[in-house]
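Novice: What follows is the file work_3.cif, containing mmCIF, C-alpha atoms (C1' of nucleotides):
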data_data
#
loop_
_atom_site.label_atom_id
_atom_site.label_comp_id
_atom_site.auth_asym_id
_atom_site.auth_seq_id
_atom_site.Cartn_x
_atom_site.Cartn_y
_atom_site.Cartn_z
CA MET A 341 -60.93 -103.55 129.47
CA VAL A 342 -64.53 -102.53 129.95
CA VAL A 343 -65.49 -99.15 128.58
CA ALA A 344 -66.25 -96.81 131.48
CA GLY A 345 -69.86 -96.96 132.63
CA ARG A 346 -70.79 -99.81 130.33
CA GLN A 347 -71.31 -102.68 132.72
CA PRO A 348 -74.13 -104.92 131.60
CA LEU A 349 -77.63 -103.77 132.43
CA SER A 350 -79.52 -105.34 135.29
CA ARG A 351 -82.70 -104.59 137.17
CA ARG A 352 -80.66 -103.22 140.03
CA ARG A 353 -78.57 -100.97 137.80
CA VAL A 354 -81.67 -99.65 136.06
CA LEU A 355 -83.35 -98.84 139.38
CA GLU A 356 -80.28 -97.17 140.84
CA GLU A 357 -79.76 -95.04 137.76
CA ALA A 358 -83.44 -94.09 137.85
CA VAL A 359 -83.03 -92.89 141.44
CA ARG A 360 -79.83 -90.99 140.67
CA PHE A 361 -81.32 -89.41 137.58
CA THR A 362 -84.53 -88.42 139.37
CA ASP A 363 -82.64 -86.85 142.25
CA ARG A 364 -80.77 -84.78 139.70
CA GLU A 365 -83.45 -83.90 137.14
CA GLY A 366 -86.77 -84.36 138.91
CA LEU A 367 -89.53 -86.90 138.57
CA GLU A 368 -91.11 -85.21 135.58
CA ALA A 369 -87.94 -85.58 133.57
CA LEU A 370 -87.85 -89.33 134.16
CA THR A 371 -89.02 -91.03 130.98
CA MET A 372 -88.16 -94.46 129.69
CA ARG A 373 -86.43 -92.84 126.75
CA ARG A 374 -84.26 -90.50 128.82
CA LEU A 375 -83.42 -93.16 131.37
CA GLY A 376 -82.42 -95.43 128.54
CA SER A 377 -80.12 -92.88 127.02
CA GLU A 378 -78.64 -92.21 130.45
CA LEU A 379 -77.68 -95.88 130.52
CA GLY A 380 -76.37 -95.79 126.97
CA VAL A 381 -79.22 -97.86 125.65
CA LYS A 382 -82.53 -97.46 123.84
CA ALA A 383 -85.73 -97.21 125.84
CA MET A 384 -86.99 -100.59 124.72
CA SER A 385 -84.05 -102.35 126.31
CA LEU A 386 -85.29 -101.37 129.72
CA TYR A 387 -88.26 -103.67 129.26
CA ASN A 388 -85.90 -106.59 129.56
CA HIS A 389 -85.34 -105.71 133.20
CA VAL A 390 -88.54 -104.04 134.28
CA PRO A 391 -92.05 -104.90 133.04
CA ASN A 392 -93.25 -101.30 132.70
CA LYS A 393 -92.82 -97.79 134.04
CA SER A 394 -95.09 -98.35 137.01
CA ALA A 395 -92.89 -101.24 138.11
CA LEU A 396 -89.87 -99.01 137.64
CA LEU A 397 -91.33 -96.51 140.09
CA ASP A 398 -92.13 -99.30 142.54
CA GLY A 399 -88.55 -100.45 142.24
CA MET A 400 -87.30 -96.96 143.01
CA VAL A 401 -89.30 -97.00 146.25
CA GLU A 402 -87.63 -100.31 146.99
CA VAL A 403 -84.19 -98.72 146.53
CA LEU A 404 -85.24 -95.75 148.66
CA LEU A 405 -86.45 -97.84 151.58
CA GLY A 406 -83.40 -100.04 151.23
CA GLU A 407 -81.33 -97.08 152.37
CA LEU A 408 -83.18 -96.79 155.67
CA GLU A 409 -80.62 -96.98 158.41
CA VAL A 410 -81.54 -96.87 162.05
CA PRO A 411 -78.71 -96.53 164.56
CA PRO A 412 -78.15 -99.42 166.98
CA GLU A 413 -80.52 -99.93 169.89
CA THR A 414 -80.73 -97.59 172.81
CA HIS A 415 -82.33 -98.44 176.11
CA ASP A 416 -84.76 -95.57 176.13
CA TRP A 417 -87.92 -96.36 174.16
CA GLU A 418 -88.60 -92.70 173.48
CA GLU A 419 -85.20 -92.14 171.97
CA ARG A 420 -85.51 -95.35 169.98
CA ILE A 421 -88.79 -94.19 168.44
CA LYS A 422 -87.33 -90.83 167.63
CA GLU A 423 -84.30 -92.39 165.96
CA GLY A 424 -86.59 -94.45 163.75
CA TYR A 425 -88.48 -91.45 162.47
CA ARG A 426 -85.36 -89.36 162.11
CA ALA A 427 -84.01 -92.05 159.82
CA PHE A 428 -87.25 -92.00 157.83
CA ARG A 429 -87.10 -88.25 157.44
CA ARG A 430 -83.46 -88.48 156.40
CA LEU A 431 -84.61 -90.37 153.30
CA ALA A 432 -86.60 -87.32 152.28
CA HIS A 433 -83.51 -85.15 152.49
CA GLU A 434 -81.29 -87.57 150.62
CA HIS A 435 -83.81 -88.18 147.84
CA PRO A 436 -86.20 -85.25 147.79
CA ASN A 437 -87.44 -86.06 144.29
CA VAL A 438 -87.88 -89.77 144.91
CA PHE A 439 -89.38 -89.67 148.40
CA PRO A 440 -92.74 -88.31 147.16
CA LEU A 441 -93.21 -91.56 145.25
CA LEU A 442 -94.19 -93.05 148.59
CA VAL A 443 -97.46 -91.17 148.26
CA ASN A 444 -98.54 -92.86 145.10
CA ARG A 445 -97.05 -96.24 145.78
CA PRO A 446 -97.19 -97.50 149.31
CA PRO A 447 -94.64 -100.26 149.23
CA ASP A 448 -95.76 -103.35 147.37
CA THR A 449 -92.76 -105.08 148.89
CA MET A 450 -91.64 -105.72 152.42
CA ASP A 451 -88.86 -103.16 152.38
CA GLY A 452 -90.23 -100.99 155.15
CA ALA A 453 -91.72 -103.77 157.23
CA TRP A 454 -88.70 -104.32 159.44
CA LEU A 455 -88.89 -100.72 160.66
CA VAL A 456 -92.60 -101.06 161.32
CA GLU A 457 -91.92 -104.25 163.23
CA GLU A 458 -89.18 -102.65 165.26
CA LEU A 459 -91.22 -99.58 166.14
CA LEU A 460 -94.19 -101.71 167.18
CA GLN A 461 -91.87 -103.90 169.20
CA THR A 462 -90.42 -100.89 170.96
CA LEU A 463 -93.88 -99.64 171.84
CA ARG A 464 -95.07 -102.99 173.12
CA ARG A 465 -92.00 -103.34 175.32
CA ALA A 466 -92.63 -99.85 176.64
CA GLY A 467 -95.90 -101.21 177.95
CA PHE A 468 -98.48 -100.11 175.40
CA GLU A 469 -101.42 -102.33 174.55
CA ARG A 470 -101.54 -103.92 171.11
CA GLU A 471 -104.08 -101.46 169.72
CA THR A 472 -102.66 -98.44 171.46
CA ALA A 473 -99.27 -99.27 170.01
CA LEU A 474 -100.76 -99.47 166.52
CA HIS A 475 -102.61 -96.16 166.81
CA ALA A 476 -99.57 -94.42 168.26
CA PHE A 477 -97.35 -95.87 165.57
CA ARG A 478 -99.67 -94.58 162.89
CA ALA A 479 -99.95 -91.17 164.49
CA LEU A 480 -96.18 -90.88 164.53
CA SER A 481 -95.86 -92.19 160.98
CA SER A 482 -98.50 -89.81 159.67
CA TYR A 483 -96.76 -86.93 161.36
CA ALA A 484 -93.29 -87.84 160.14
CA PHE A 485 -94.45 -88.42 156.60
CA GLY A 486 -96.54 -85.27 156.52
CA TYR A 487 -93.72 -83.17 157.89
CA ALA A 488 -91.12 -84.57 155.51
CA MET A 489 -93.43 -83.98 152.56
CA ALA A 490 -94.04 -80.44 153.72
CA GLU A 491 -90.33 -79.77 153.81
CA ILE A 492 -90.02 -80.94 150.23
CA ARG A 493 -93.15 -79.48 148.67
CA GLY A 494 -94.37 -76.88 151.11
CA PHE A 495 -97.01 -76.95 153.82
CA THR A 496 -100.33 -77.76 152.24
CA LEU A 497 -102.48 -75.09 153.82
CA GLU A 498 -100.02 -72.24 154.11
CA PRO A 499 -99.78 -69.88 151.16
CA ASN A 500 -96.37 -70.28 149.59
CA GLY A 501 -93.39 -68.09 150.34
CA SER A 502 -93.63 -65.69 147.44
CA ARG A 503 -97.23 -64.93 148.36
CA LEU A 504 -96.26 -64.31 151.94
CA GLY A 505 -93.63 -61.84 150.90
CA ALA A 506 -96.07 -59.92 148.72
CA ARG A 507 -98.47 -57.47 150.25
CA SER A 508 -101.36 -59.75 149.19
CA LEU A 509 -101.40 -60.62 152.87
CA SER A 510 -103.40 -57.92 154.56
CA PRO A 511 -102.66 -57.48 158.28
CA ALA A 512 -106.32 -56.74 158.90
CA GLU A 513 -107.47 -60.08 157.54
CA PHE A 514 -104.50 -62.18 158.60
CA PRO A 515 -102.90 -60.64 161.69
CA ASN A 516 -101.32 -63.82 163.01
CA LEU A 517 -100.01 -64.93 159.65
CA CYS A 518 -98.51 -61.48 159.06
CA GLU A 519 -96.89 -61.49 162.44
CA LEU A 520 -95.21 -64.77 161.54
CA ALA A 521 -94.30 -63.97 157.94
CA PRO A 522 -90.80 -62.55 158.54
CA TYR A 523 -90.01 -65.42 160.87
CA LEU A 524 -91.28 -68.17 158.55
CA GLU A 525 -88.27 -68.24 156.26
CA GLU A 526 -85.86 -68.88 159.09
CA VAL A 527 -87.57 -71.73 160.88
CA ASP A 528 -85.10 -74.45 161.79
CA HIS A 529 -86.74 -77.57 160.39
CA ASP A 530 -84.66 -79.97 162.44
CA ARG A 531 -85.83 -78.35 165.63
CA GLU A 532 -89.39 -78.03 164.42
CA PHE A 533 -89.50 -81.71 163.52
CA GLU A 534 -88.17 -82.62 166.96
CA PHE A 535 -90.75 -80.39 168.56
CA GLY A 536 -93.60 -82.29 166.93
CA LEU A 537 -92.06 -85.66 167.70
CA GLU A 538 -91.70 -84.64 171.33
CA LEU A 539 -95.28 -83.37 171.40
CA ILE A 540 -96.71 -86.70 170.31
CA ILE A 541 -94.46 -88.69 172.58
CA ALA A 542 -95.35 -86.44 175.49
CA GLY A 543 -98.98 -87.23 174.77
CA MET A 544 -98.15 -90.92 174.83
CA ARG A 545 -96.24 -90.60 178.08
CA ASP A 546 -99.41 -89.48 179.83
CA ARG A 547 -101.00 -92.70 178.77
CA SER A 548 -98.39 -95.34 179.56
CA MET B 91 -134.05 -73.15 125.43
CA VAL B 92 -130.48 -74.12 126.20
CA VAL B 93 -129.54 -77.68 125.41
CA ALA B 94 -128.92 -79.54 128.68
CA GLY B 95 -125.35 -79.21 129.93
CA ARG B 96 -124.29 -76.73 127.28
CA GLN B 97 -123.95 -73.54 129.24
CA PRO B 98 -121.05 -71.48 127.98
CA LEU B 99 -117.61 -72.49 129.13
CA SER B 100 -115.87 -70.53 131.84
CA ARG B 101 -112.79 -70.99 133.98
CA ARG B 102 -115.01 -71.99 136.88
CA ARG B 103 -116.98 -74.52 134.87
CA VAL B 104 -113.80 -76.07 133.50
CA LEU B 105 -112.31 -76.42 136.99
CA GLU B 106 -115.46 -77.89 138.48
CA GLU B 107 -115.81 -80.41 135.70
CA ALA B 108 -112.15 -81.33 136.13
CA VAL B 109 -112.78 -82.02 139.82
CA ARG B 110 -115.92 -84.01 139.13
CA PHE B 111 -114.27 -86.01 136.39
CA THR B 112 -111.17 -86.73 138.48
CA ASP B 113 -113.23 -87.90 141.44
CA ARG B 114 -114.96 -90.31 139.10
CA GLU B 115 -112.14 -91.52 136.85
CA GLY B 116 -108.93 -90.80 138.70
CA LEU B 117 -106.14 -88.32 138.18
CA GLU B 118 -104.40 -90.40 135.54
CA ALA B 119 -107.46 -90.31 133.32
CA LEU B 120 -107.56 -86.52 133.39
CA THR B 121 -106.20 -85.28 130.08
CA MET B 122 -106.98 -82.06 128.28
CA ARG B 123 -108.54 -84.08 125.51
CA ARG B 124 -110.82 -86.12 127.74
CA LEU B 125 -111.80 -83.15 129.85
CA GLY B 126 -112.64 -81.27 126.69
CA SER B 127 -114.86 -84.02 125.40
CA GLU B 128 -116.52 -84.22 128.81
CA LEU B 129 -117.48 -80.58 128.32
CA GLY B 130 -118.58 -81.14 124.75
CA VAL B 131 -115.64 -79.26 123.32
CA LYS B 132 -112.25 -79.91 121.76
CA ALA B 133 -109.16 -79.87 123.97
CA MET B 134 -107.82 -76.68 122.44
CA SER B 135 -110.84 -74.72 123.62
CA LEU B 136 -109.79 -75.22 127.20
CA TYR B 137 -106.80 -72.99 126.59
CA ASN B 138 -109.17 -70.08 126.34
CA HIS B 139 -109.92 -70.46 130.05
CA VAL B 140 -106.79 -71.94 131.52
CA PRO B 141 -103.22 -71.24 130.38
CA ASN B 142 -102.04 -74.85 130.60
CA LYS B 143 -102.54 -78.15 132.39
CA SER B 144 -100.45 -77.18 135.37
CA ALA B 145 -102.70 -74.15 135.94
CA LEU B 146 -105.70 -76.45 135.60
CA LEU B 147 -104.39 -78.58 138.46
CA ASP B 148 -103.72 -75.49 140.55
CA GLY B 149 -107.28 -74.40 139.90
CA MET B 150 -108.57 -77.75 141.07
CA VAL B 151 -106.76 -77.27 144.38
CA GLU B 152 -108.47 -73.90 144.56
CA VAL B 153 -111.88 -75.56 144.14
CA LEU B 154 -110.97 -78.20 146.70
CA LEU B 155 -109.90 -75.73 149.38
CA GLY B 156 -112.93 -73.61 148.55
CA GLU B 157 -115.07 -76.39 149.98
CA LEU B 158 -113.40 -76.22 153.37
CA GLU B 159 -116.13 -75.65 155.92
CA VAL B 160 -115.41 -75.30 159.58
CA PRO B 161 -118.39 -75.32 161.95
CA PRO B 162 -119.08 -72.13 163.94
CA GLU B 163 -116.90 -71.24 166.90
CA THR B 164 -116.89 -73.19 170.11
CA HIS B 165 -115.47 -71.87 173.34
CA ASP B 166 -113.06 -74.72 173.90
CA TRP B 167 -109.78 -74.18 172.02
CA GLU B 168 -109.06 -77.90 171.89
CA GLU B 169 -112.38 -78.66 170.28
CA ARG B 170 -111.93 -75.74 167.90
CA ILE B 171 -108.58 -77.07 166.71
CA LYS B 172 -110.01 -80.53 166.25
CA GLU B 173 -112.92 -79.21 164.23
CA GLY B 174 -110.50 -77.45 161.90
CA TYR B 175 -108.54 -80.58 161.14
CA ARG B 176 -111.65 -82.72 160.88
CA ALA B 177 -112.84 -80.35 158.17
CA PHE B 178 -109.51 -80.66 156.40
CA ARG B 179 -109.64 -84.44 156.52
CA ARG B 180 -113.22 -84.36 155.25
CA LEU B 181 -111.89 -82.89 152.00
CA ALA B 182 -109.85 -86.04 151.51
CA HIS B 183 -112.96 -88.18 151.84
CA GLU B 184 -115.06 -86.05 149.54
CA HIS B 185 -112.38 -85.80 146.85
CA PRO B 186 -109.99 -88.71 147.32
CA ASN B 187 -108.56 -88.37 143.84
CA VAL B 188 -108.14 -84.60 143.98
CA PHE B 189 -106.85 -84.24 147.53
CA PRO B 190 -103.43 -85.72 146.68
CA LEU B 191 -102.83 -82.77 144.37
CA LEU B 192 -102.04 -80.84 147.53
CA VAL B 193 -98.77 -82.71 147.66
CA ASN B 194 -97.51 -81.48 144.34
CA ARG B 195 -99.00 -78.04 144.47
CA PRO B 196 -99.06 -76.33 147.80
CA PRO B 197 -101.57 -73.59 147.23
CA ASP B 198 -100.33 -70.80 145.05
CA THR B 199 -103.43 -68.90 146.13
CA MET B 200 -104.73 -67.77 149.47
CA ASP B 201 -107.52 -70.33 149.60
CA GLY B 202 -106.34 -72.10 152.72
CA ALA B 203 -104.94 -69.06 154.49
CA TRP B 204 -108.09 -68.25 156.42
CA LEU B 205 -108.00 -71.63 158.13
CA VAL B 206 -104.32 -71.21 158.96
CA GLU B 207 -105.11 -67.80 160.39
CA GLU B 208 -107.96 -69.13 162.45
CA LEU B 209 -105.99 -72.03 163.85
CA LEU B 210 -103.08 -69.78 164.76
CA GLN B 211 -105.51 -67.33 166.33
CA THR B 212 -107.08 -70.09 168.40
CA LEU B 213 -103.68 -71.21 169.64
CA ARG B 214 -102.56 -67.70 170.52
CA ARG B 215 -105.75 -67.09 172.48
CA ALA B 216 -105.22 -70.37 174.29
CA GLY B 217 -102.02 -68.82 175.59
CA PHE B 218 -99.30 -70.26 173.37
CA GLU B 219 -96.32 -68.16 172.40
CA ARG B 220 -95.96 -67.03 168.82
CA GLU B 221 -93.37 -69.63 167.88
CA THR B 222 -94.88 -72.39 169.93
CA ALA B 223 -98.18 -71.80 168.18
CA LEU B 224 -96.48 -72.05 164.80
CA HIS B 225 -94.68 -75.28 165.64
CA ALA B 226 -97.80 -76.83 167.12
CA PHE B 227 -99.86 -75.75 164.13
CA ARG B 228 -97.37 -77.40 161.79
CA ALA B 229 -97.21 -80.56 163.85
CA LEU B 230 -100.98 -80.84 163.71
CA SER B 231 -101.09 -80.02 160.01
CA SER B 232 -98.39 -82.53 159.17
CA TYR B 233 -100.23 -85.19 161.12
CA ALA B 234 -103.63 -84.45 159.61
CA PHE B 235 -102.26 -84.34 156.09
CA GLY B 236 -100.19 -87.47 156.58
CA TYR B 237 -103.09 -89.37 158.04
CA ALA B 238 -105.55 -88.31 155.34
CA MET B 239 -103.08 -89.29 152.63
CA ALA B 240 -102.53 -92.64 154.30
CA GLU B 241 -106.25 -93.30 154.25
CA ILE B 242 -106.33 -92.62 150.53
CA ARG B 243 -103.13 -94.27 149.38
CA GLY B 244 -102.06 -96.51 152.23
CA PHE B 245 -99.59 -96.07 155.04
CA THR B 246 -96.18 -95.47 153.57
CA LEU B 247 -94.12 -97.89 155.61
CA GLU B 248 -96.61 -100.69 156.13
CA PRO B 249 -96.67 -103.41 153.50
CA ASN B 250 -99.98 -103.24 151.69
CA GLY B 251 -103.03 -105.28 152.58
CA SER B 252 -102.64 -108.05 150.04
CA ARG B 253 -99.11 -108.69 151.29
CA LEU B 254 -100.28 -108.84 154.84
CA GLY B 255 -102.84 -111.45 154.01
CA ALA B 256 -100.28 -113.60 152.24
CA ARG B 257 -97.95 -115.83 154.23
CA SER B 258 -95.05 -113.70 153.00
CA LEU B 259 -95.22 -112.35 156.53
CA SER B 260 -93.30 -114.81 158.68
CA PRO B 261 -94.29 -114.77 162.37
CA ALA B 262 -90.67 -115.40 163.30
CA GLU B 263 -89.43 -112.26 161.57
CA PHE B 264 -92.46 -110.05 162.17
CA PRO B 265 -94.24 -111.18 165.34
CA ASN B 266 -95.87 -107.85 166.12
CA LEU B 267 -96.97 -107.20 162.57
CA CYS B 268 -98.45 -110.70 162.35
CA GLU B 269 -100.28 -110.26 165.60
CA LEU B 270 -101.89 -107.12 164.18
CA ALA B 271 -102.56 -108.40 160.67
CA PRO B 272 -106.11 -109.72 161.22
CA TYR B 273 -107.02 -106.57 163.10
CA LEU B 274 -105.61 -104.16 160.54
CA GLU B 275 -108.48 -104.40 158.07
CA GLU B 276 -111.05 -103.42 160.63
CA VAL B 277 -109.44 -100.35 162.14
CA ASP B 278 -111.95 -97.53 162.56
CA HIS B 279 -110.21 -94.64 160.86
CA ASP B 280 -112.42 -92.01 162.43
CA ARG B 281 -111.42 -93.17 165.88
CA GLU B 282 -107.80 -93.63 164.93
CA PHE B 283 -107.63 -90.09 163.55
CA GLU B 284 -109.15 -88.74 166.74
CA PHE B 285 -106.67 -90.74 168.78
CA GLY B 286 -103.73 -89.04 167.08
CA LEU B 287 -105.29 -85.62 167.30
CA GLU B 288 -105.88 -86.14 171.00
CA LEU B 289 -102.32 -87.38 171.46
CA ILE B 290 -100.81 -84.21 170.02
CA ILE B 291 -103.18 -81.95 171.87
CA ALA B 292 -102.46 -83.78 175.10
CA GLY B 293 -98.79 -83.08 174.50
CA MET B 294 -99.62 -79.41 174.00
CA ARG B 295 -101.73 -79.30 177.15
CA ASP B 296 -98.68 -80.16 179.23
CA ARG B 297 -96.99 -77.11 177.85
CA SER B 298 -99.65 -74.41 178.12
"C1'" DA C 261 -114.46 -63.55 121.67
"C1'" DC C 262 -114.52 -68.19 121.40
"C1'" DC C 263 -113.85 -72.56 118.98
"C1'" DT C 264 -111.31 -75.81 115.75
"C1'" DG C 265 -108.11 -78.79 112.33
"C1'" DA C 266 -103.86 -79.73 111.46
"C1'" DA C 267 -99.43 -80.15 113.02
"C1'" DC C 268 -95.26 -80.71 116.26
"C1'" DA C 269 -92.54 -82.84 119.57
"C1'" DC C 270 -93.07 -85.73 122.78
"C1'" DC C 271 -94.89 -90.12 125.66
"C1'" DG C 272 -95.24 -95.66 126.99
"C1'" DT C 273 -95.39 -99.91 124.90
"C1'" DT C 274 -95.52 -103.94 121.36
"C1'" DC C 275 -93.47 -106.81 118.19
"C1'" DA C 276 -90.84 -108.72 114.71
"C1'" DA C 277 -86.18 -108.69 113.55
"C1'" DG C 278 -81.44 -108.71 114.42
"C1'" DT C 279 -76.85 -110.38 117.18
"C1'" DA D 13 -80.34 -113.71 126.22
"C1'" DC D 14 -80.26 -109.16 125.27
"C1'" DC D 15 -80.78 -105.16 122.20
"C1'" DT D 16 -83.15 -102.39 118.40
"C1'" DG D 17 -86.15 -99.98 114.41
"C1'" DA D 18 -90.33 -99.14 113.18
"C1'" DA D 19 -94.86 -98.51 114.43
"C1'" DC D 20 -99.21 -97.52 117.32
"C1'" DA D 21 -102.07 -94.99 120.14
"C1'" DC D 22 -101.74 -91.66 122.94
"C1'" DC D 23 -100.07 -86.92 125.30
"C1'" DG D 24 -99.75 -81.23 125.88
"C1'" DT D 25 -99.46 -77.31 123.22
"C1'" DT D 26 -99.13 -73.85 119.15
"C1'" DC D 27 -100.98 -71.47 115.49
"C1'" DA D 28 -103.39 -70.05 111.62
"C1'" DA D 29 -107.98 -70.27 110.21
"C1'" DG D 30 -112.75 -70.15 110.81
"C1'" DT D 31 -117.50 -68.18 113.06
#
Kindly present the structure from the file in structure tokens form.

Specialist:
Amino acid sequence: MVVAGRQPLSRRRVLEEAVRFTDREGLEALTMRRLGSELGVKAMSLYNHVPNKSALLDGMVEVLLGELEVPPETHDWEERIKEGYRAFRRLAHEHPNVFPLLVNRPPDTMDGAWLVEELLQTLRRAGFERETALHAFRALSSYAFGYAMAEIRGFTLEPNGSRLGARSLSPAEFPNLCELAPYLEEVDHDREFEFGLELIIAGMRDRS
Amino acid sequence: MVVAGRQPLSRRRVLEEAVRFTDREGLEALTMRRLGSELGVKAMSLYNHVPNKSALLDGMVEVLLGELEVPPETHDWEERIKEGYRAFRRLAHEHPNVFPLLVNRPPDTMDGAWLVEELLQTLRRAGFERETALHAFRALSSYAFGYAMAEIRGFTLEPNGSRLGARSLSPAEFPNLCELAPYLEEVDHDREFEFGLELIIAGMRDRS
DNA sequence: ACCTGAACACCGTTCAAGT
DNA sequence: ACCTGAACACCGTTCAAGT
């Protein structure tokens, strides 16, 4: 006999609604007041489940990383590493408006640690030294994060699409950029991501 | 006979003060009202030089990228590429609180385009195909951006430092992470960044 | 042309009061 | 134990008014 959508509030329910709402409306639209009304409650009620907005955002990162799912083990260390980062990038696609929170709040919890552990493990078993494994792990992580962010927000150095279309791009000054301009819109991001992953792993192969 | 620091306002002066202030006080402290008072003026005066806050932030990215300085040409393409990304990363160190703006506002201007052009040019001259050059450029850019952001805000998957110190990290669950924990604080970021750069370039070498 | 005071519609957050 | 109304100290932004 419960009215639809009126289960009692809980930290978990608040966080999940915050993620759902942000995916739909964007991070800028997420205010305590709007989130409250989304849950059929006044803003102040949220403070019973979350100490403040900053903690709310941390909690959303927790929910995000909780959805990380890496397929079962394979025997090939290279494929295993790739699967890990594919799963990470998948988060960006599933929650494009929440994923960027990772920038401002590296996890205060242990939610991502198991993946770190597993990737390090994989590298150690593949024969890499302790420190080499760490550096390689961080190179791969930096790449995967940077690429996923670029997909969501645009590549940081490249002028954005509308500029590229305009004739503000003079062939005399920017011959290579101009040559690429028509092609840029159609780049297959899945393949491009794999290309970079393969590039780094190829570099590692030389070293193992 | 001008009173110190009371030159007339201009778009440029507003943007530069915004960058200086943000480096000092952080992005959260940057409000139109505080920036105004920093310039000895009321907030509303800023709207004479900048249409709104969003445009102010865009302008700050403009200032940031305007400081990009790549050393004069070398003959070695690999070294040339590295110099480009070192210069990019240097921006993060010089303006750690402004650099993250790149995430939210990929440049609406052409301020970074010359570096893109030059990097692409270097790759083409080194013998890479048009599309291969693009993919490699983006792999390198994603890595460099991801790494620089990680230096500023922390690595996105790794639990943060204070967690690592705590015994919340059980050696049974996270043997590899625990093994690295004491070492993590002392990692030389310059060397680690170079390691990753070299890794990607090594992967490219195989292909050229 | 540039600056300002007053005002508007918003924020996050606190706290005493209700059930 | 959980929710709320009223209030506080802030935001960005508009606009009519001043010089």

Novice: Show me, as a tab-separated table, the residues of chain B having an atom within 8 Å of chain A, each with the closest atom pair and its distance in Å, using only C-alpha atoms.

Specialist:
residue	atom	partner	partner_atom	distance
B:Leu192	CA	A:Thr496	CA	5.9
B:Val193	CA	A:Arg493	CA	6.6
B:Asn194	CA	A:Arg493	CA	6.5
B:Arg195	CA	A:Arg493	CA	7.3
B:Pro196	CA	A:Thr496	CA	4.8
B:Pro197	CA	A:Pro499	CA	5.7
B:Asp198	CA	A:Asn500	CA	6.0
B:Thr199	CA	A:Pro499	CA	6.3
B:Met200	CA	A:Pro499	CA	5.6
B:Asp201	CA	A:Pro499	CA	7.9
B:Gly202	CA	A:Leu497	CA	5.0
B:Ala203	CA	A:Glu498	CA	5.9
B:Trp204	CA	A:Phe514	CA	7.4
B:Leu205	CA	A:Leu497	CA	7.8
B:Val206	CA	A:Glu498	CA	6.6
B:Glu207	CA	A:Leu517	CA	5.9
B:Leu210	CA	A:Asn516	CA	6.5
B:Gln211	CA	A:Asn516	CA	6.4
B:Arg220	CA	A:Leu520	CA	7.7
B:His225	CA	A:Glu532	CA	6.1
B:Ala226	CA	A:Gly536	CA	6.9
B:Arg228	CA	A:Tyr487	CA	7.9
B:Ala229	CA	A:Gly536	CA	5.1
B:Leu230	CA	A:Tyr483	CA	7.8
B:Ser231	CA	A:Gly486	CA	7.8
B:Ser232	CA	A:Gly486	CA	4.2
B:Tyr233	CA	A:Tyr483	CA	3.9
B:Ala234	CA	A:Ser482	CA	7.4
B:Phe235	CA	A:Gly486	CA	5.8
B:Gly236	CA	A:Ser482	CA	4.2
B:Tyr237	CA	A:Ser482	CA	4.9
B:Met239	CA	A:Val443	CA	7.4
B:Ala240	CA	A:Ser482	CA	7.3
B:Arg243	CA	A:Asn444	CA	6.4
B:Gly244	CA	A:Pro446	CA	5.8
B:Phe245	CA	A:Pro446	CA	6.4
B:Thr246	CA	A:Pro446	CA	4.8
B:Leu247	CA	A:Gly452	CA	5.0
B:Glu248	CA	A:Ala453	CA	5.9
B:Pro249	CA	A:Met450	CA	5.6
B:Asn250	CA	A:Asp448	CA	6.0
B:Arg253	CA	A:Asp448	CA	7.4
B:Phe264	CA	A:Glu457	CA	5.9
B:Pro265	CA	A:Glu457	CA	7.6
B:Asn266	CA	A:Glu457	CA	6.1
B:Leu267	CA	A:Glu457	CA	5.9
B:Leu270	CA	A:Arg470	CA	7.6
B:Glu282	CA	A:His475	CA	6.1
B:Phe283	CA	A:Ala479	CA	7.8
B:Phe285	CA	A:His475	CA	7.1
B:Gly286	CA	A:Ala479	CA	5.1
B:Glu288	CA	A:Gly543	CA	7.9
B:Leu289	CA	A:Gly543	CA	4.7
B:Ile290	CA	A:Ile540	CA	4.8
B:Ile291	CA	A:Gly543	CA	7.3
B:Ala292	CA	A:Gly543	CA	4.9
B:Gly293	CA	A:Gly543	CA	4.2
B:Met294	CA	A:Leu539	CA	6.4

Novice: Can you spell out as number ranges by chain the set of residues that the PyMOL selection byres ((chain A) within 12 of (chain C)) selects in the structure I just provided?

Specialist: A: 368-374, 383-387, 391-394

Novice: One decimal, in Å: what's the spacing between atom CA of Asn138 of chain B and atom CA of Asn187 of chain B?

Specialist: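 Separating atom CA of Asn138 of chain B from atom CA of Asn187 of chain B is a distance of 25.3 Å.
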
Novice: One number please: atom CA of Thr112 of chain B to atom CA of Tyr175 of chain B, in Å, one decimal.

Specialist: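 Atom-to-atom, atom CA of Thr112 of chain B to atom CA of Tyr175 of chain B, that is 23.6 Å.
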